[in-house]
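Contents: one structure, followed by commentary.
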Amino acid sequence: MHTSSDPLELFFRPQGVVVVGASTDPTKLGYGVARNLLEGGYPGVVHLVNPRGGTLLGHPLYPSVEDVPDPVDLAVILIPAAAVPPVLEACGRRGIRAAIVASGGFRETGPQGAELEAACVEIAHRYAMRLMGPNCIGLVDTHLPLDTTFLPPPGPPVGDVAFISHSGALAAAVIDWARGQGFGFSRLVSLGNQADISEADILPLVAADKHTRAITLYLEGVASGRRFVHATRGLAQQKPIIALKVGRTEAGKHAAASHTGALAGQNQAFEAGFRRAGVLPAATVAQMFHWAKALAWLPLPQADRVLILTNAGGPGVTAADAIAAQGLRLARLTPQTQQLLRAMLPPAASVHNPVDMLASASPEQYAQALRLGLDDPGVDMVMVILPPPPMFSAGAVARAIIPLIQTADKPVVVVPMGDPLVAEAVAHLRAAKVPEYRFPEDAASALGALYRRSQWLRTAAETPLQPVDAAATAAAQHLLEDDATPPGQWLPPQTVRAILTAYGIPTPREAVAHSPTEAAAAAQEMGFPVALKVVSPDLPHKSEAGGVVLGLAGPDEVAAAYESMMARLQAAFPKAHLEGVLVQAMAPAGQEVIVGAVRDPLFGPLVMFGSGGVEVEGLGDVAFAIAPLTPADRAYLLEKTWAGRKLAGFRHLPPADRAAVEDVLARLAQLAWDLPMLAEIEINPLRVSLAGEGALALDVRMRRGQDKPPGFRP
């Protein structure tokens, strides 16, 4: 028996495998599993179990798991769902600690199947056994080799891309598709229902595999977003991870009452989680593997400047547009490089980027232009476009440039455009592991993935900022413990202000007033001008309800505004509970942004930043990041949004205090992380004054969630 202390390792390095449900009928899936193990080159021992006995492919069929001899570390079970629990019991008694349940008929079929699945997990846990599936196709290691699937031969092409999939059918299709795409797999895992083993369990073993150079994931969801991020972040620093998250257009969770909650959907949560974990999010299956080839085979760029080499103008322009769409820049060639290009190309050729060498470009000219481009200090990446040359073969061009690409310390992708006329070039490029794409858009997308990974690696070691001390956290927690606001309701202004003060988030002078006289007195004490804002748990959007009056210059104006506001709101919202008003000192002029946090059930608190004011949802100028924030997270939030970019100044707007915004973001993120009983926080607007003059949280709401929310910490 295998002596490994980690049962998960047994899935990839078993000394012996038992197939429960092996069949002598070639039309049965149990026959396919036995065939792939016995004829696929697996170096270990294979045992077959079928109560009917007999032989299969020259191997005996044992009546039960208990009857098979040693060694046996891994069980592959493909029998009716109802028969699986007793077989798992037998495997546990036999000392088998790894099992793949390929059978369907479990949670995916309804409540009865879910009960059956739960029973299987309980048995596995009782015997310290790890369970893959059910409702999966198993796994493949092409280098051992080991194939526990029932898929028809030939198996997956051998290669260096790993694929972990929640869908067995997609895994099967991708295996066949990859044969015609010039790349192969190292390990392939179908997780099925993930009753026990999830992608977070399998990722470390795949990342540790010496044959794997890039990891791809097909995800329909994750059991715990925080666990996924925690498990993945360190692995992504070792090897690139690309994920396709499906279901991105679904509504996800119900929108919360505030703007922040309404804007933070399931897709934003996954994007924020992927960004923190260093996972590159792909939009399509094909894109995921286009990126994987480039990440597995090419060096990473130092910056974002791309050189385009082509023999035709149209594809060069197409490539330039595609480069810009990826957020990359066209490289500016040095005068020396341009002079050397001009000396070797016809007079009509363009030596600016894109470099158009004209249709007459020879293999030698392609190679020489590529060498000059790679030597230029202003070039970080190169895209070589190769429509069928009229005077030479595309294959000859490929042969000429491949040695340069293989020895370059800058990434080069090739675009052989066409089909039969570039087939020879494609074959040469694939054999040399040079990423090739039919059109410039796919090549540009791959270069974008390379650049984004290089960017992430530069900040991967950053730790979240923690600008608040333990005493402040404890004080805020006590405030919430003493507050009687029920779950789902907005906290009173006094509690909100006290929490903000504990976390060092600046607010204007303010006071709650319950009558015109109290309002006038409070305004007199803090100085004019002031604003009045209604205090009501039933009117969270004060401006839309008409519950905000600005610029009041004296006590009489304040008292009159109080009376008229209350009368107006009582008439418009007769069922609303009006507690009074918040009297607030008017803030200096400045730019207005929104800052918020909402608790996602999978990923915990997400911080939002964007354009503030009453049109925040209509503008949609927002970005999200996982709390607490790293310096890179803060930079992303500000650079991703127009609200953040215009802090540097725009037309009539002078530069605002970006440092103050970054400080508020860090403090709010820590607040959301420290206080899990808060479901939602929104500062809208945060008024940002001139550079060096700070920022003030003008309107703040906090909504209480569950006192003991679901766990989201690693």
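Every chain in the structure tokens has a letter given in the order shown (A, B, ...), and although residue numbers restart at 1 in each chain, ligands are simply numbered from 1 in the order shown.
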
Residue contacts of stretch 311-327 of chain A (7 Å, only C-alpha atoms) excluding same-chain residues fewer than 2 positions away, as a list in words =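 The residues satisfying every condition are Ile308, Arg329, Pro354, Asp356, Met357, Leu358, Ala359, Ala361, Leu386, Pro440, Glu441, Ala444, Ser445 and Gly448 of chain A.
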
A:Val434: which residues within 10 Å, counting only C-alpha atoms, same-chain residues fewer than 6 positions away excluded, as a list in words?
->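 Result of the neighbour search: Gly182, Lys293, Ala294, Trp297, Leu298, Ala398, Ile402, Ile405, Gln406, Pro411, Val412, Val413, Val414, Val426 and His428 of chain A.
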
Written file, previous selection with N, CA and C atoms, as an mmCIF file, in the first residue's frame:
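Wrote it out as result12.cif, contents follow:
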data_model
loop_
_atom_site.group_PDB
_atom_site.id
_atom_site.type_symbol
_atom_site.label_atom_id
_atom_site.label_comp_id
_atom_site.auth_asym_id
_atom_site.auth_seq_id
_atom_site.Cartn_x
_atom_site.Cartn_y
_atom_site.Cartn_z
ATOM 1 N N GLY A 182 -2.615 22.407 -31.273
ATOM 2 C CA GLY A 182 -1.171 22.483 -31.107
ATOM 3 C C GLY A 182 -0.674 22.567 -29.684
ATOM 4 N N LYS A 293 -1.382 28.968 -23.695
ATOM 5 C CA LYS A 293 -0.227 28.688 -24.554
ATOM 6 C C LYS A 293 0.843 29.759 -24.383
ATOM 7 N N ALA A 294 0.425 31.005 -24.417
ATOM 8 C CA ALA A 294 1.396 32.090 -24.309
ATOM 9 C C ALA A 294 2.072 32.091 -22.942
ATOM 10 N N TRP A 297 4.611 29.146 -22.612
ATOM 11 C CA TRP A 297 5.748 29.037 -23.521
ATOM 12 C C TRP A 297 6.599 30.290 -23.641
ATOM 13 N N LEU A 298 6.118 31.435 -23.163
ATOM 14 C CA LEU A 298 6.832 32.689 -23.432
ATOM 15 C C LEU A 298 7.306 33.367 -22.150
ATOM 16 N N ALA A 398 8.358 30.999 -41.168
ATOM 17 C CA ALA A 398 8.297 30.457 -39.808
ATOM 18 C C ALA A 398 9.637 29.856 -39.407
ATOM 19 N N ILE A 402 11.709 31.274 -36.030
ATOM 20 C CA ILE A 402 11.573 30.442 -34.826
ATOM 21 C C ILE A 402 12.824 30.475 -33.941
ATOM 22 N N ILE A 405 12.778 33.599 -31.830
ATOM 23 C CA ILE A 405 11.716 33.617 -30.818
ATOM 24 C C ILE A 405 12.099 32.730 -29.636
ATOM 25 N N GLN A 406 12.690 31.577 -29.926
ATOM 26 C CA GLN A 406 13.019 30.627 -28.860
ATOM 27 C C GLN A 406 14.123 31.128 -27.936
ATOM 28 N N PRO A 411 8.563 38.371 -25.199
ATOM 29 C CA PRO A 411 7.573 37.476 -25.814
ATOM 30 C C PRO A 411 7.258 37.864 -27.249
ATOM 31 N N VAL A 412 7.130 36.845 -28.104
ATOM 32 C CA VAL A 412 6.778 37.041 -29.509
ATOM 33 C C VAL A 412 5.638 36.088 -29.848
ATOM 34 N N VAL A 413 4.553 36.623 -30.388
ATOM 35 C CA VAL A 413 3.454 35.794 -30.885
ATOM 36 C C VAL A 413 3.384 35.960 -32.396
ATOM 37 N N VAL A 414 2.893 34.917 -33.066
ATOM 38 C CA VAL A 414 2.861 34.909 -34.528
ATOM 39 C C VAL A 414 1.420 34.728 -34.991
ATOM 40 N N VAL A 426 2.177 26.849 -39.516
ATOM 41 C CA VAL A 426 1.525 26.480 -38.253
ATOM 42 C C VAL A 426 2.167 25.232 -37.661
ATOM 43 N N HIS A 428 5.223 24.105 -38.067
ATOM 44 C CA HIS A 428 6.554 24.431 -37.538
ATOM 45 C C HIS A 428 6.448 25.183 -36.207
#

Close residues, stretch 78-80 of chain A itself excluded, 8 Å, only C-alpha atoms, min 5 positions apart in chain, as number ranges by chain | A: 19-22, 29-30, 101-105

Compare A:Arg371, A:Arg226, A:His290, A:Arg342 by their minimum atom-to-atom distance to A:Leu447, counting only C-alpha atoms, and give me the closest one.
->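 Closest to A:Leu447, using only C-alpha atoms: A:His290.
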
Would you kindly return, as JSON, numbers by chain, each protein, DNA or RNA residue with an atom no farther than 9 Å from any atom of A:Ala292, considering only C-alpha atoms and excluding same-chain residues fewer than 5 positions away?
-> {"A": [161, 213, 214, 215, 216, 240, 241, 242, 287, 297, 446]}

Save out the residues we just selected, N, CA and C atoms, as a PDB file, in the first residue's frame.
ATOM      1  N   VAL A 161      -0.146  22.176 -20.101  1.00  0.00           N
ATOM      2  CA  VAL A 161      -1.282  22.957 -19.594  1.00  0.00           C
ATOM      3  C   VAL A 161      -2.172  22.044 -18.768  1.00  0.00           C
ATOM      4  N   ARG A 213       2.986  24.020 -16.696  1.00  0.00           N
ATOM      5  CA  ARG A 213       3.518  25.379 -16.826  1.00  0.00           C
ATOM      6  C   ARG A 213       2.419  26.443 -16.785  1.00  0.00           C
ATOM      7  N   ALA A 214       1.181  26.040 -16.983  1.00  0.00           N
ATOM      8  CA  ALA A 214       0.045  26.956 -16.869  1.00  0.00           C
ATOM      9  C   ALA A 214      -1.170  26.149 -16.433  1.00  0.00           C
ATOM     10  N   ILE A 215      -2.041  26.774 -15.633  1.00  0.00           N
ATOM     11  CA  ILE A 215      -3.210  26.095 -15.073  1.00  0.00           C
ATOM     12  C   ILE A 215      -4.460  26.815 -15.556  1.00  0.00           C
ATOM     13  N   THR A 216      -5.422  26.047 -16.045  1.00  0.00           N
ATOM     14  CA  THR A 216      -6.697  26.610 -16.481  1.00  0.00           C
ATOM     15  C   THR A 216      -7.825  26.033 -15.635  1.00  0.00           C
ATOM     16  N   PRO A 240       1.170  30.536 -13.675  1.00  0.00           N
ATOM     17  CA  PRO A 240      -0.007  31.298 -14.096  1.00  0.00           C
ATOM     18  C   PRO A 240      -1.284  30.472 -13.994  1.00  0.00           C
ATOM     19  N   ILE A 241      -2.346  31.111 -13.542  1.00  0.00           N
ATOM     20  CA  ILE A 241      -3.656  30.470 -13.407  1.00  0.00           C
ATOM     21  C   ILE A 241      -4.673  31.320 -14.166  1.00  0.00           C
ATOM     22  N   ILE A 242      -5.425  30.673 -15.047  1.00  0.00           N
ATOM     23  CA  ILE A 242      -6.451  31.343 -15.847  1.00  0.00           C
ATOM     24  C   ILE A 242      -7.778  30.673 -15.539  1.00  0.00           C
ATOM     25  N   GLN A 287     -10.398  31.569 -25.444  1.00  0.00           N
ATOM     26  CA  GLN A 287      -9.485  32.584 -24.931  1.00  0.00           C
ATOM     27  C   GLN A 287      -8.648  32.043 -23.779  1.00  0.00           C
ATOM     28  N   TRP A 297       4.611  29.146 -22.612  1.00  0.00           N
ATOM     29  CA  TRP A 297       5.748  29.037 -23.521  1.00  0.00           C
ATOM     30  C   TRP A 297       6.599  30.290 -23.641  1.00  0.00           C
ATOM     31  N   ALA A 446      -3.659  37.576 -26.050  1.00  0.00           N
ATOM     32  CA  ALA A 446      -2.634  36.795 -25.353  1.00  0.00           C
ATOM     33  C   ALA A 446      -1.525  37.698 -24.819  1.00  0.00           C
TER      34      ALA A 446
END

If you count only C-alpha atoms, which residues fall within 10 Å of A:Leu151, apart from same-chain ones fewer than 2 positions away, as a PyMOL selection string?
-> chain A and resi 29+32-33+35-36+137+147-149+153-156+172+175

Hey, can you spit out that residue selection with C-alpha atoms as a PDB file, in the first residue's frame?
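Below is the file that was written, result_23.pdb:
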ATOM      1  CA  LEU A  29     -18.735   3.291 -19.402  1.00  0.00           C
ATOM      2  CA  GLY A  32     -14.077   2.482 -21.048  1.00  0.00           C
ATOM      3  CA  VAL A  33     -12.472   3.134 -17.641  1.00  0.00           C
ATOM      4  CA  ARG A  35      -9.655   0.009 -21.159  1.00  0.00           C
ATOM      5  CA  ASN A  36      -8.038   3.412 -20.558  1.00  0.00           C
ATOM      6  CA  ILE A 137     -15.265  11.822 -15.386  1.00  0.00           C
ATOM      7  CA  ASP A 147      -6.289   7.906 -17.288  1.00  0.00           C
ATOM      8  CA  THR A 148      -9.253   7.166 -15.008  1.00  0.00           C
ATOM      9  CA  THR A 149     -11.857   8.473 -17.476  1.00  0.00           C
ATOM     10  CA  PRO A 153      -9.029   6.915 -27.153  1.00  0.00           C
ATOM     11  CA  PRO A 154      -6.742   8.482 -27.981  1.00  0.00           C
ATOM     12  CA  GLY A 155      -6.309  10.236 -24.662  1.00  0.00           C
ATOM     13  CA  PRO A 156      -5.394  13.889 -24.210  1.00  0.00           C
ATOM     14  CA  ALA A 172     -14.126  15.809 -22.836  1.00  0.00           C
ATOM     15  CA  ILE A 175      -9.459  17.171 -24.958  1.00  0.00           C
TER      16      ILE A 175
END

Neighbour list for A:Val535 as JSON, numbers by chain, cut-off 9 Å, only C-alpha atoms, skip fewer than 4 positions in-chain | {"A": [492, 493, 512, 539, 540, 542, 547, 577, 578, 579, 580, 581, 582]}

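For the atom pair formed by atom CA of A:Leu619 and atom CA of A:Gly694, the distance is 25.0 Å, given to one decimal.
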